[in-house]
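Novice: Okay, handing you the structure first.
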Amino acid sequence: MAMEKTFNAAEAEARIYKMWEDAGAFKAGANASRDDTFCIMLPPPNVTGSLHVGHAFNHTIMDMLTRWKRMQGYDTLWQPGLDHAGIATQLMVEKDLMETQQPKRTDLGREKFLEKVWEWKAAKGGTIEQQARRLGDSMDWSRSAFTMSGAESAPEGEKPGNFHDAVLKVFVQMYNDGLIYRGKRLVNWDPHFETAISDLEVENIEVDGHMWHFKYPLAGGETYEYVEKDEDGNVTLREVRDYISIATTRPETMLGDGAVAVHKDDERYAPIVGKLCEIPVGPKDQRRQIPIITDPYPDMTFGSGAVKITGAHDFNDYEVAKRGGIPMYNLMDTKGAMRADGKPYVEEATTAQAIANGEQAFDEAMIAAMNMVPEDYRGLDRFEARKRVVADITAEGNAVMTTKMVKNDEGEEAETTVPYVEAKKIMQPFGDRSKVVIEPMLTDQWFVDTAKIVGPALDAVKEGRTKIMPESGEKVYYHWLENIEPWCISRQLWWGHQIPVWYGVTSWVNDDGNRSFDLNGRTYFCAATEAEALQKFTDYYGRTPIVVDGPPSDSELREGWETAFSNATFGEAVVASNKGEEGRLAIYRDPDVLDTWFSSGLWPFGTLGWPAEDEAMKYFPGDVLVTGQDILFFWVARMMMMSQAVLEKDPFHTVYLHQLVRDAKGEKMSKTKGNVIDPLDMIDAYGADALRFSNAQMAALGGVLKISEDRIKGYRNFGTKLWNAFSFADHYQIPYPGDPAKPDVSQTLNKWIIGETAKVRETVDAAMEAYRFNDAADALYAFTWGKVCDWYLEFSKPILQGDDTAAKAETEQTLRWVLDQCLILLHPIMPFITEELWGLADSRAKMLVHADWPTYAAADLVDADADREMNWVIDLIDNTRSARAQVHVPAGAKVPLLVTGLDAKGQSAWDNSAALIQRLARIESLTAVDSFPKGCVTIPMAGGTFGIPLEGLIDVDAEIARLEKTLQKLGKELGGLRGRLNNPKFVASAPDEVVAEAKANLALRENEEAQLKAGIARLQEIG
RNA sequence: GGGUGAUUAGCUCAGUUGGUAGAGCGCUUCCUUUACACGGAAGAUGUCGGGAGUUCGAGCCUCUCAUCACCCACCA
């Protein structure tokens, strides 16, 4: 076998991966020799995604765990798949439609658009799975799942799957259990995507904003005495006012104000509580008057202490309005523009005024239909409307004014009155995908009653059934779950699981002879299928309804039932109305889809065939979840809640959280910064193994992840080192025993390295058990390079070239065995190069990917005597080399070595390893002497002192300096040891073994010190 | 405003129950010695962010200050 100079990763990786995949090496249960399962669910990447450094890191860890367990004989499954990623995917397809000049989504219609999405998925969806193969991921690709598989919209020929069944079943079950409900709530609305989003999808970002101060005049020109006091109760301001001052960062929402709220203890406003004030905007003739109410919410110390209440556009106001029964007027349409529908403003304002005066009863539906936007502002974008409102109010003189020094035309400072507008930082909500300002909107949505299902998920962690690593994640987890809000799960999108709820629309003839439509308070049923829904309605009404595509629009409703359903044939759809009149009945399915995370939450079992009875369900519950800290709430917590809510089990026992992967400087990677590292580039340049080793090495629990190309390069070099160790075996023509068993050895050298191997195997296993992947990587690096290559291979040379055939044969066997152990232990981290060497080195029964993971123990294999002896030999070589280098003995020169006071152990060690020592330290002979000659380099060792007689050859001053430096270091150590041992409290309170160790150490160091001093004395005699 | 974590060699970071500091890269010098220059040998560099405390003993535990990072949060 003639090996290449280095491992050709680019050529070998694809070949090796194909070999594994063709052999089915990663299939669920492959290489299983026991019943215990080990299952990891891949966090499904977005179907739109491509592989980035975060995935690369993540996957390395999951693959290490999976390969390790597979080699141990577990029945393993690493389950791959893709997430349909509702918003992100819909966005990408819409963009694609635009770029390719195809009709817009809304023009295509739902069915055609979904066809496009599926086409797009078929064309692009496999990218990331191909990229993952380049990392060496050992997932069972034949099982790859998709969170939209089995959906009604899925085309013929799409890979089968039943994830949709799981989603529907869970929705229906949770609905029936009262865990999902529908309601009109204030939700975060994304005006770009025109959908509701959950709290978690909102990013609060501090931006430059303004706070305007406006006067809301009191109704009927009424006045009151406004008094301000300081902390001590002294009056600082007393004036008669005919208005109340309001501060706002969102003037456009004034149009929807339902009240002004002040704190009940606020004396300043006590005189006017219960009175009406006027919203200072809109047509003069229809200025709306709203009540001044009290509520605990306003902070007396902030702003003017008075807060305008716009229930439909602010979360705090919403709560106040709910408490106070204040109408919440929705001002905007789905795009965030001021509403243009509804009745003329004159009519709406009149109705609103009647409500404010308490003359008119109202309900939710009625308020929802009212448009309080004056004609002048209708249709304007919300930010445009803001500008107009501010300008209009200011022009009319209702802005609160303040004075400011301004330079006049002559450049002189002069006091001027200007509108009081504070420039200040405000926290503004942005959509995490759309990056537009989120608008709180009052809409009908579906919610998961999280408070009802959060308990078991909290208990899982509190009771230790599920462990979150690092531990700090647990506190974060508790905090969020203990303060959990209802989860809005409906999205006004098309790409996703359509909500399995059907609404009934009925009509009947009113007293006045007109038809009326029950739409808002409509009846609905949740059902897994349309047939089931039809049956429920039929049972309920005693008639079979017809099915229509969707609800009649507002305008259609105004025009009447016949128009709204003009294309529908009503046939049997006749019901007895609440008035005893004949009516009509149609049903339609909720057009909304579910939040992507609702389906992701079912990933731990939805991928295993559930709800069908599937053999793969043996892998549930899974074992470890490895994911980024950023989706602890989005995904991890929800999987835990949903698994408990549906199957009453925890989905995994361990959650391994990691941070965002950053660049070498610790900065977030971003395209704009241009610091993005593409893992595929790294693989191209250094091979997947190098990238993986680098990932494993930085995987300190809870650590910051900084990826550096230099590091990756270093681990490529490590791979080459391993490669060359095999070149070494090749070069020395060490025979291939064929899957060598651990040899029985008699040579100290071989006993030692076998013991070292056992130690590293234990270290690696312990590190892997504890998810300390960096420890595993470091231990293997140090063992392979620092022990095997640096010492064992070097030590073996004289034996391999020597005449002792028995020793040679034993060493050859040991060397082969040790190199094999390196491959096996390194395989989970560096699968490619190890598999390649495994195949090159020998003819094997199995591929390395299925090799048996060793179980030998250090307790059995470490030979204490061999260990001590080899460490002594290594020390002697190290010290001799060091001394030589420092007194400038030419590196190639062989020198004689003297020794004095060598004890039996030292003598035996020397005898056993003389050839090795002489070769590695470049020694030509060893002579025992009673005392060293003058001008001799001193090398103190345990059990004897060595010397190199170099009178006349060495730089005496340099050697004295060297010894004194060593002495100085020793002095520090001695000082510490003596200090401790002389302290009676230490001797009394420290554990015995610590004291004993210190004493032994002191004796050793004192001996060294004496030797060094003697050495210096000898040199000084010459000088 | 609340929470979490960080601060250790020039750089990037380890350091598991307190026993007296390590790795990789970089740097300096030497070496093309028959596995490997993606290499070998030798070497330099740290009052472990500041201060206080507990302890015989603190990088590690407690308090405090400083700086940084991230997460959560409704201040109109």
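Scheme for the structure tokens: letters A, B, ... for chains in order shown; per-chain residue numbers from 1; ligand numbers from 1 in order shown.
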Using DSSP secondary structure from the backbone, list all strand (DSSP E) positions within segment 69-257 of chain A, as a ChimeraX atom specification.
Specialist: /A:75-79,81-82,145-146,180-190,195-197,202-217,224-229,235-241,243-248
Novice: Per residue of chain A within 6 Å of chain B, record the nearest atom pair and its distance in Å to one decimal, counting only C-alpha atoms (C1' of nucleotides), with rows in chain order and ascending residue number, as a tab-separated table.
Specialist:
residue	atom	partner	partner_atom	distance
A:Thr248	CA	B:A76	C1'	5.7
A:Val307	CA	B:A76	C1'	5.6
A:Asn316	CA	B:C74	C1'	5.7
A:Asn717	CA	B:C38	C1'	4.3
A:Asn724	CA	B:A35	C1'	5.0
A:Ala725	CA	B:A35	C1'	5.7
A:Ser727	CA	B:A35	C1'	5.1
A:Phe728	CA	B:A35	C1'	3.7
A:Ala885	CA	B:A42	C1'	5.9
A:Lys985	CA	B:C56	C1'	4.7
A:Phe986	CA	B:C56	C1'	3.8
Novice: Using only N, CA and C atoms, please write the residues we just selected to a file, as an mmCIF file, in the first residue's frame.
Specialist:
data_model
loop_
_atom_site.group_PDB
_atom_site.id
_atom_site.type_symbol
_atom_site.label_atom_id
_atom_site.label_comp_id
_atom_site.auth_asym_id
_atom_site.auth_seq_id
_atom_site.Cartn_x
_atom_site.Cartn_y
_atom_site.Cartn_z
ATOM 1 N N THR A 248 -48.409 61.738 23.736
ATOM 2 C CA THR A 248 -48.521 60.511 22.940
ATOM 3 C C THR A 248 -47.357 60.404 21.967
ATOM 4 N N VAL A 307 -53.640 59.781 30.276
ATOM 5 C CA VAL A 307 -53.366 58.904 29.140
ATOM 6 C C VAL A 307 -54.601 58.789 28.276
ATOM 7 N N ASN A 316 -51.700 48.257 26.528
ATOM 8 C CA ASN A 316 -52.097 48.761 27.845
ATOM 9 C C ASN A 316 -53.487 49.347 27.794
ATOM 10 N N ASN A 717 -4.597 20.173 10.036
ATOM 11 C CA ASN A 717 -3.243 19.693 10.271
ATOM 12 C C ASN A 717 -3.239 18.473 11.197
ATOM 13 N N ASN A 724 -0.396 10.706 8.821
ATOM 14 C CA ASN A 724 1.023 10.370 8.776
ATOM 15 C C ASN A 724 1.401 9.282 9.771
ATOM 16 N N ALA A 725 0.628 9.173 10.823
ATOM 17 C CA ALA A 725 0.888 8.066 11.741
ATOM 18 C C ALA A 725 0.669 6.749 10.996
ATOM 19 N N SER A 727 0.993 6.528 7.713
ATOM 20 C CA SER A 727 2.110 6.456 6.771
ATOM 21 C C SER A 727 3.312 5.823 7.450
ATOM 22 N N PHE A 728 3.466 6.142 8.698
ATOM 23 C CA PHE A 728 4.561 5.594 9.489
ATOM 24 C C PHE A 728 4.464 4.064 9.520
ATOM 25 N N ALA A 885 19.749 22.187 24.664
ATOM 26 C CA ALA A 885 19.387 23.329 23.835
ATOM 27 C C ALA A 885 19.845 24.623 24.475
ATOM 28 N N LYS A 985 -1.930 25.245 61.147
ATOM 29 C CA LYS A 985 -3.350 25.152 60.822
ATOM 30 C C LYS A 985 -3.571 24.329 59.558
ATOM 31 N N PHE A 986 -2.616 24.475 58.610
ATOM 32 C CA PHE A 986 -2.735 23.693 57.388
ATOM 33 C C PHE A 986 -2.625 22.209 57.699
#
Novice: Determine, counting only C-alpha atoms (C1' of nucleotides), which protein, DNA and RNA residues have an atom within 10 Å of an atom of Glu973 of chain A; residues of the same chain fewer than 3 positions away are not included. Present the result as a PyMOL selection string.
Specialist: (chain A and resi 967-970+976-979+1001-1002+1005) or (chain B and resi 20)
Novice: Could you save those same residues with N, CA and C atoms (P, O5', C5', C4', C3', O3' and C1' of nucleotides) as a compact mmCIF listing (two decimals), in the first residue's frame?
Specialist:
# COMPACT_ATOMS: atom_id res chain seq x y z
N LEU A 967 16.46 27.29 39.49
CA LEU A 967 16.48 27.37 40.94
C LEU A 967 15.45 28.37 41.45
N GLN A 968 15.37 29.46 40.73
CA GLN A 968 14.43 30.51 41.12
C GLN A 968 12.99 30.00 41.08
N LYS A 969 12.69 29.33 39.99
CA LYS A 969 11.33 28.77 39.87
C LYS A 969 11.08 27.78 41.00
N LEU A 970 12.08 26.97 41.24
CA LEU A 970 11.98 25.97 42.28
C LEU A 970 11.78 26.64 43.63
N GLY A 976 6.21 28.08 48.68
CA GLY A 976 4.80 27.76 48.88
C GLY A 976 4.62 26.52 49.72
N LEU A 977 5.40 25.47 49.38
CA LEU A 977 5.27 24.20 50.10
C LEU A 977 5.67 24.34 51.55
N ARG A 978 6.82 25.03 51.76
CA ARG A 978 7.29 25.19 53.15
C ARG A 978 6.31 26.04 53.95
N GLY A 979 5.83 27.08 53.30
CA GLY A 979 4.89 27.97 53.96
C GLY A 979 3.68 27.20 54.47
N ASN A 1001 6.32 16.04 47.95
CA ASN A 1001 6.72 17.00 46.96
C ASN A 1001 7.89 17.84 47.45
N LEU A 1002 7.79 18.25 48.71
CA LEU A 1002 8.84 19.08 49.30
C LEU A 1002 10.19 18.34 49.30
N ARG A 1005 11.57 18.22 45.81
CA ARG A 1005 12.04 19.53 45.35
C ARG A 1005 13.32 19.95 46.09
P U B 20 -2.38 22.44 43.48
O5' U B 20 -1.77 23.80 42.91
C5' U B 20 -2.51 24.59 41.97
C4' U B 20 -2.18 26.05 42.19
C3' U B 20 -0.69 26.36 42.10
O3' U B 20 -0.51 27.52 41.32
C1' U B 20 -1.61 27.12 44.16
Novice: When you count only C-alpha atoms, which of these residues is closest to Trp872 of chain A: A:Ala851, A:Gly906, A:Ile829, A:Lys404?
Specialist: A:Gly906
Novice: Using only C-alpha atoms (C1' of nucleotides) for the distances, tell me which of B:U45, B:A21, B:G53, B:C27 is nearest to A9 of chain B.
Specialist: B:U45
Novice: What lies within 6 Å of segment 616-627 of chain A using only C-alpha atoms (C1' of nucleotides), ignoring chain neighbours under 4 positions off, as an MDAnalysis selection string?
Specialist: chainID A and resid 39:40 608 651:657
Novice: Selection from above, all heavy atoms, as a short mmCIF file (atom, residue, chain, number, x, y, z; two decimals), in the first residue's frame, can you write it?
Specialist:
data_model
loop_
_atom_site.label_atom_id
_atom_site.label_comp_id
_atom_site.auth_asym_id
_atom_site.auth_seq_id
_atom_site.Cartn_x
_atom_site.Cartn_y
_atom_site.Cartn_z
N CYS A 39 -32.45 8.29 20.18
CA CYS A 39 -33.07 9.06 19.10
C CYS A 39 -32.85 10.55 19.29
O CYS A 39 -33.04 11.09 20.37
CB CYS A 39 -34.56 8.75 19.07
SG CYS A 39 -35.46 9.76 17.88
N ILE A 40 -32.42 11.16 18.21
CA ILE A 40 -32.30 12.62 18.18
C ILE A 40 -33.15 13.12 17.02
O ILE A 40 -33.08 12.58 15.91
CB ILE A 40 -30.85 13.07 17.95
CG1 ILE A 40 -29.99 12.73 19.17
CG2 ILE A 40 -30.78 14.58 17.68
CD1 ILE A 40 -28.55 13.19 19.05
N LEU A 608 -42.78 10.36 13.51
CA LEU A 608 -42.67 8.91 13.73
C LEU A 608 -43.94 8.17 13.33
O LEU A 608 -44.20 7.07 13.81
CB LEU A 608 -42.33 8.64 15.20
CG LEU A 608 -41.00 9.26 15.67
CD1 LEU A 608 -40.80 9.03 17.16
CD2 LEU A 608 -39.82 8.67 14.89
N PRO A 651 -40.86 14.87 25.71
CA PRO A 651 -40.32 14.44 24.40
C PRO A 651 -38.84 14.06 24.41
O PRO A 651 -38.38 13.42 23.48
CB PRO A 651 -40.57 15.65 23.51
CG PRO A 651 -40.64 16.82 24.44
CD PRO A 651 -41.21 16.29 25.73
N PHE A 652 -38.10 14.46 25.42
CA PHE A 652 -36.67 14.13 25.49
C PHE A 652 -36.21 14.33 26.92
O PHE A 652 -36.88 15.01 27.70
CB PHE A 652 -35.84 15.03 24.55
CG PHE A 652 -36.49 16.35 24.26
CD1 PHE A 652 -36.57 17.32 25.23
CD2 PHE A 652 -37.05 16.63 23.01
CE1 PHE A 652 -37.20 18.54 24.98
CE2 PHE A 652 -37.68 17.84 22.76
CZ PHE A 652 -37.75 18.80 23.74
N HIS A 653 -35.09 13.73 27.28
CA HIS A 653 -34.63 13.86 28.66
C HIS A 653 -33.57 14.95 28.82
O HIS A 653 -33.26 15.36 29.94
CB HIS A 653 -34.13 12.54 29.22
CG HIS A 653 -33.03 11.90 28.42
ND1 HIS A 653 -31.78 12.44 28.35
CD2 HIS A 653 -33.03 10.79 27.64
CE1 HIS A 653 -31.03 11.67 27.56
NE2 HIS A 653 -31.77 10.67 27.11
N THR A 654 -32.99 15.36 27.70
CA THR A 654 -31.94 16.38 27.79
C THR A 654 -32.10 17.40 26.68
O THR A 654 -32.37 17.04 25.53
CB THR A 654 -30.55 15.72 27.67
OG1 THR A 654 -30.40 14.79 28.73
CG2 THR A 654 -29.44 16.77 27.77
N VAL A 655 -31.97 18.65 27.06
CA VAL A 655 -31.97 19.72 26.07
C VAL A 655 -30.58 20.36 26.11
O VAL A 655 -30.17 20.88 27.15
CB VAL A 655 -33.03 20.79 26.40
CG1 VAL A 655 -32.97 21.93 25.40
CG2 VAL A 655 -34.42 20.17 26.42
N TYR A 656 -29.88 20.27 25.00
CA TYR A 656 -28.55 20.88 24.94
C TYR A 656 -28.68 22.18 24.16
O TYR A 656 -28.97 22.17 22.97
CB TYR A 656 -27.57 19.93 24.24
CG TYR A 656 -26.16 20.48 24.08
CD1 TYR A 656 -25.17 20.18 25.01
CD2 TYR A 656 -25.83 21.31 23.02
CE1 TYR A 656 -23.89 20.69 24.87
CE2 TYR A 656 -24.55 21.83 22.87
CZ TYR A 656 -23.58 21.52 23.81
OH TYR A 656 -22.31 22.02 23.67
N LEU A 657 -28.53 23.29 24.87
CA LEU A 657 -28.68 24.59 24.22
C LEU A 657 -27.31 25.17 23.90
O LEU A 657 -26.39 25.08 24.70
CB LEU A 657 -29.39 25.57 25.15
CG LEU A 657 -30.83 25.24 25.52
CD1 LEU A 657 -31.35 26.27 26.52
CD2 LEU A 657 -31.72 25.22 24.29
#
Novice: Excluding Phe383 of chain A and its own-chain neighbours fewer than 4 positions away, which residues fall within 10 Å of it when counting only C-alpha atoms (C1' of nucleotides)? Please give them as number ranges by chain.
Specialist: A: 250-252, 336-338, 387-389
Novice: When DSSP is applied to the backbone of this structure, which of segment 348-527 of chain A are assigned helix (DSSP H, G or I)? Write them out as a VMD selection string.
Specialist: chain A and resid 348 to 356 364 to 369 375 to 377 382 to 396 450 to 462 472 to 482
